[in-house]
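**Q** Let me give you the structure first, and then I'll get to my questions.
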There are 2 protein chains.
Amino acid sequence: MKSDPLSAAFAALADPTRRAMLTRLCEGEATVNEIAAPFDLSLPAISKHLKVLEGAGLISRGRAAQFRPCRLEPGPLKDVADWVERYRRFWDESLDRLDSYLKEIQHKEKSDDA
Amino acid sequence: MKSDPLSAAFAALADPTRRAMLTRLCEGEATVNEIAAPFDLSLPAISKHLKVLEGAGLISRGRAAQFRPCRLEPGPLKDVADWVERYRRFWDESLDRLDSYLKEIQHKEKSDDA
DNA sequence: AAGTTAATTAGCTTGTTGGTGAAATACAGA
DNA sequence: TCTGTATTTCACCAACAAGCTAATTAACTT
């Protein structure tokens, strides 16, 4: 794992299990067992995934009785969004090009039909 | 490496060298040697990084004489942006409010304990 | 044809990731 | 205090990532 925070965030998000965990945490805090429920994984595996998410700052954990409720921490997600956002113009441009390409194709097809 | 495209994109971005390569490619197409220049890495290492980026669909490569120019392919970046965007509400308008709300809750819970 | 430049592949090492089951820890409740 | 529940830590393993050097392929130049 790279040591810089942005790399850690990307690395943590590069796993569908962990992304699903974050999605679950959108609904609110959850215990480890609640988080584990949808997955066909051992509890230690879940625990490790949570540790990765925690290490990336994507979740934080409280302590309530024997439970260790996790909650979403959006900070690193914002950093990721900010990084990716710098490339927006590239996909906007591509979509524009695709759009005009499709329009051109349609136009040609209409001409062919006629 | 995970097989799903989104995981591949996140994994590819989880490395500062590769992110810097993409940043460089914002300026336009570049050859492998041009891309390699700023880094203190062997050419095979650079080649591997490019292969990861290509595998994630983040770049594509042409062929011109003995050069293999790389160019940015923004599609997966848009997918990443779309995924992250779903979490915007967590940091955007209400980050401060959410934070103080959670702190307040915790405070109440502590008071209840006492 | 021979040499030069661009880039990749091959083979290796090292460290990390993601998983397991078994044991350990922490707390709640009877 | 004993028992059950929640969660983590402890080995351990297989697969993979990232780096290197040396060798190879591909195409231009002389």
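Residues are named by chain letter and number: chains run A, B, ... in the order of the structure tokens, numbers start at 1 in each chain, and ligands are numbered from 1 in the order shown.
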Should the cut-off be 9 Å, what would the residue list for chain C against chain B look like, counting only C-alpha atoms (C1' of nucleotides), as an NGL selection string?
**A** :C and (5-8)
**Q** Show me, as a list in words, the residues of chain D whose atoms get within 8 Å of chain B, using only C-alpha atoms (C1' of nucleotides) for the distance check.
**A**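 So the residues of chain D near chain B are DC16, DA18, DG19, DC20, DA26, DA27 and DC28 of chain D.
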**Q** Since we have the selection now, will you write its residues out, keeping C-alpha atoms (C1' of nucleotides), as an mmCIF file, in the first residue's frame?
**A**
```cif
data_model
loop_
_atom_site.group_PDB
_atom_site.id
_atom_site.type_symbol
_atom_site.label_atom_id
_atom_site.label_comp_id
_atom_site.auth_asym_id
_atom_site.auth_seq_id
_atom_site.Cartn_x
_atom_site.Cartn_y
_atom_site.Cartn_z
ATOM 1 C "C1'" DC D 16 -0.341 -10.697 -7.188
ATOM 2 C "C1'" DA D 18 6.279 -3.603 -8.398
ATOM 3 C "C1'" DG D 19 10.820 -3.348 -9.042
ATOM 4 C "C1'" DC D 20 15.291 -4.854 -11.306
ATOM 5 C "C1'" DA D 26 10.473 -3.652 -34.232
ATOM 6 C "C1'" DA D 27 11.490 0.004 -37.032
ATOM 7 C "C1'" DC D 28 14.375 3.754 -38.647
#
```
**Q** Could you write out as a PyMOL selection string the residues of chain B within 7 Å of chain A, counting only C-alpha atoms?
**A** chain B and resi 2+7-8+10-11+13-16+74-75+77-78+81+84+90-91
**Q** Find the spatial neighbours of D:DC12, counting only C-alpha atoms (C1' of nucleotides), within a cut-off of 10 Å - ignore same-chain residues fewer than 2 positions away - and output them as a list of chain:residue names.
**A**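 Here the answer would be C:DT20, C:DG21, D:DC10.
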**Q** Would you work out the distance separating atom CA of B:Ile59 from atom C1' of D:DT25, expressed in Å to one decimal?
**A**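 Spanning atom CA of B:Ile59 to atom C1' of D:DT25 is a straight-line distance of 22.6 Å.
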**Q** Which value, in Å to one decimal, gives the distance between atom C1' of D:DA17 and atom C1' of C:DT16?
**A**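 Between these atoms lies a distance of 7.6 Å.
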**Q** If you run DSSP on the backbone, which residues of stretch 7-75 of chain B are helix (DSSP H, G or I), as a ChimeraX atom specification?
**A** /B:7-13,16-25,32-36,43-55,75
**Q** Could you write those residues out with N, CA, C and O atoms, as a CSV table (one decimal), in the first residue's frame?
**A**
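The new file again-v8.csv reads:
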```
chain,number,residue,atom,x,y,z
B,7,SER,N,-13.2,-1.6,-10.5
B,7,SER,CA,-12.1,-2.0,-9.6
B,7,SER,C,-10.8,-1.8,-10.3
B,7,SER,O,-9.8,-1.4,-9.7
B,8,ALA,N,-10.7,-2.2,-11.6
B,8,ALA,CA,-9.5,-2.0,-12.3
B,8,ALA,C,-9.1,-0.6,-12.4
B,8,ALA,O,-7.9,-0.2,-12.3
B,9,ALA,N,-10.1,0.3,-12.6
B,9,ALA,CA,-9.8,1.7,-12.7
B,9,ALA,C,-9.2,2.2,-11.4
B,9,ALA,O,-8.2,2.9,-11.3
B,10,PHE,N,-9.9,1.9,-10.3
B,10,PHE,CA,-9.5,2.4,-9.0
B,10,PHE,C,-8.1,1.8,-8.7
B,10,PHE,O,-7.2,2.5,-8.2
B,11,ALA,N,-7.8,0.6,-9.0
B,11,ALA,CA,-6.5,0.0,-8.7
B,11,ALA,C,-5.5,0.7,-9.5
B,11,ALA,O,-4.4,0.9,-9.0
B,12,ALA,N,-5.8,1.0,-10.8
B,12,ALA,CA,-4.8,1.6,-11.6
B,12,ALA,C,-4.5,3.0,-11.0
B,12,ALA,O,-3.3,3.5,-11.1
B,13,LEU,N,-5.5,3.7,-10.5
B,13,LEU,CA,-5.3,5.0,-10.0
B,13,LEU,C,-4.6,5.0,-8.6
B,13,LEU,O,-4.2,6.1,-8.1
B,16,PRO,N,0.8,6.7,-7.3
B,16,PRO,CA,1.1,8.1,-7.7
B,16,PRO,C,1.8,8.2,-9.0
B,16,PRO,O,1.6,9.2,-9.8
B,17,THR,N,2.6,7.2,-9.3
B,17,THR,CA,3.3,7.2,-10.6
B,17,THR,C,2.3,7.2,-11.8
B,17,THR,O,2.4,8.0,-12.7
B,18,ARG,N,1.3,6.3,-11.7
B,18,ARG,CA,0.4,6.2,-12.7
B,18,ARG,C,-0.5,7.4,-12.8
B,18,ARG,O,-0.9,7.9,-13.9
B,19,ARG,N,-0.9,8.0,-11.6
B,19,ARG,CA,-1.7,9.2,-11.7
B,19,ARG,C,-0.9,10.3,-12.3
B,19,ARG,O,-1.4,11.1,-13.1
B,20,ALA,N,0.4,10.4,-12.0
B,20,ALA,CA,1.3,11.4,-12.7
B,20,ALA,C,1.3,11.2,-14.2
B,20,ALA,O,1.3,12.2,-14.9
B,21,MET,N,1.4,10.0,-14.6
B,21,MET,CA,1.4,9.7,-16.0
B,21,MET,C,0.1,10.2,-16.7
B,21,MET,O,0.2,10.8,-17.8
B,22,LEU,N,-1.0,10.0,-16.0
B,22,LEU,CA,-2.3,10.5,-16.6
B,22,LEU,C,-2.3,12.0,-16.7
B,22,LEU,O,-2.7,12.6,-17.6
B,23,THR,N,-1.7,12.6,-15.6
B,23,THR,CA,-1.6,14.1,-15.6
B,23,THR,C,-0.8,14.6,-16.8
B,23,THR,O,-1.2,15.5,-17.5
B,24,ARG,N,0.3,13.9,-17.0
B,24,ARG,CA,1.1,14.2,-18.1
B,24,ARG,C,0.3,14.1,-19.4
B,24,ARG,O,0.5,15.0,-20.3
B,25,LEU,N,-0.5,13.1,-19.6
B,25,LEU,CA,-1.2,12.8,-20.8
B,25,LEU,C,-2.3,13.8,-21.0
B,25,LEU,O,-2.9,13.9,-22.1
B,32,VAL,N,6.5,6.6,-24.9
B,32,VAL,CA,6.8,5.9,-23.6
B,32,VAL,C,8.0,6.6,-23.0
B,32,VAL,O,8.1,6.9,-21.8
B,33,ASN,N,9.0,6.9,-23.8
B,33,ASN,CA,10.2,7.6,-23.3
B,33,ASN,C,9.9,9.0,-22.7
B,33,ASN,O,10.4,9.4,-21.7
B,34,GLU,N,9.0,9.7,-23.4
B,34,GLU,CA,8.6,11.0,-22.9
B,34,GLU,C,7.9,10.9,-21.5
B,34,GLU,O,8.1,11.6,-20.6
B,35,ILE,N,7.0,9.9,-21.5
B,35,ILE,CA,6.3,9.6,-20.2
B,35,ILE,C,7.3,9.2,-19.1
B,35,ILE,O,7.1,9.6,-17.9
B,36,ALA,N,8.3,8.4,-19.5
B,36,ALA,CA,9.2,7.9,-18.5
B,36,ALA,C,10.1,9.0,-17.9
B,36,ALA,O,10.6,8.9,-16.7
B,43,LEU,N,12.9,1.5,-17.6
B,43,LEU,CA,11.9,1.5,-18.7
B,43,LEU,C,10.9,0.3,-18.6
B,43,LEU,O,9.7,0.5,-18.8
B,44,PRO,N,11.3,-0.9,-18.3
B,44,PRO,CA,10.4,-2.0,-18.1
B,44,PRO,C,9.3,-1.6,-17.0
B,44,PRO,O,8.1,-2.0,-17.2
B,45,ALA,N,9.7,-1.0,-15.9
B,45,ALA,CA,8.8,-0.6,-14.9
B,45,ALA,C,7.7,0.4,-15.5
B,45,ALA,O,6.5,0.2,-15.2
B,46,ILE,N,8.2,1.3,-16.3
B,46,ILE,CA,7.3,2.3,-16.9
B,46,ILE,C,6.3,1.5,-17.8
B,46,ILE,O,5.1,1.7,-17.8
B,47,SER,N,6.9,0.6,-18.5
B,47,SER,CA,6.1,-0.2,-19.5
B,47,SER,C,5.0,-1.0,-18.7
B,47,SER,O,3.8,-1.0,-19.2
B,48,LYS,N,5.3,-1.5,-17.6
B,48,LYS,CA,4.3,-2.2,-16.8
B,48,LYS,C,3.2,-1.3,-16.3
B,48,LYS,O,2.0,-1.6,-16.4
B,49,HIS,N,3.6,-0.1,-15.9
B,49,HIS,CA,2.6,0.9,-15.4
B,49,HIS,C,1.7,1.2,-16.5
B,49,HIS,O,0.4,1.3,-16.4
B,50,LEU,N,2.2,1.4,-17.7
B,50,LEU,CA,1.4,1.8,-18.9
B,50,LEU,C,0.4,0.6,-19.2
B,50,LEU,O,-0.7,0.8,-19.6
B,51,LYS,N,0.9,-0.6,-19.0
B,51,LYS,CA,0.1,-1.7,-19.3
B,51,LYS,C,-1.1,-1.8,-18.3
B,51,LYS,O,-2.2,-2.1,-18.7
B,52,VAL,N,-0.8,-1.5,-17.1
B,52,VAL,CA,-1.9,-1.4,-16.1
B,52,VAL,C,-2.9,-0.4,-16.5
B,52,VAL,O,-4.2,-0.6,-16.5
B,53,LEU,N,-2.4,0.8,-16.9
B,53,LEU,CA,-3.4,1.9,-17.3
B,53,LEU,C,-4.2,1.5,-18.5
B,53,LEU,O,-5.4,1.7,-18.6
B,54,GLU,N,-3.5,0.8,-19.5
B,54,GLU,CA,-4.2,0.4,-20.7
B,54,GLU,C,-5.2,-0.7,-20.3
B,54,GLU,O,-6.3,-0.7,-20.8
B,55,GLY,N,-4.8,-1.6,-19.4
B,55,GLY,CA,-5.7,-2.7,-19.0
B,55,GLY,C,-7.0,-2.1,-18.4
B,55,GLY,O,-8.1,-2.7,-18.5
B,75,GLY,N,-13.0,7.5,-20.4
B,75,GLY,CA,-14.1,6.8,-20.0
B,75,GLY,C,-14.1,6.3,-18.6
B,75,GLY,O,-15.1,6.6,-17.8
```
**Q** If you run DSSP on the backbone, which residues of stretch 25-92 of chain B are strand (DSSP E or B), as a ChimeraX atom specification?
**A** /B:30,59-61,64,67,70-72
**Q** Residues of the last selection are to be written out with C-alpha atoms, as a PDB file, in the first residue's frame.
**A**
```pdb
ATOM      1  CA  ALA B  30       3.280  11.166 -25.501  1.00  0.00           C
ATOM      2  CA  ILE B  59      -5.095   5.045 -21.940  1.00  0.00           C
ATOM      3  CA  SER B  60      -4.895   3.721 -25.481  1.00  0.00           C
ATOM      4  CA  ARG B  61      -1.865   3.383 -27.676  1.00  0.00           C
ATOM      5  CA  ALA B  64       3.936   5.506 -35.295  1.00  0.00           C
ATOM      6  CA  PHE B  67       7.065   4.826 -31.169  1.00  0.00           C
ATOM      7  CA  CYS B  70      -0.165   6.905 -25.516  1.00  0.00           C
ATOM      8  CA  ARG B  71      -3.232   9.027 -25.126  1.00  0.00           C
ATOM      9  CA  LEU B  72      -5.690   9.565 -22.349  1.00  0.00           C
TER      10      LEU B  72
END
```
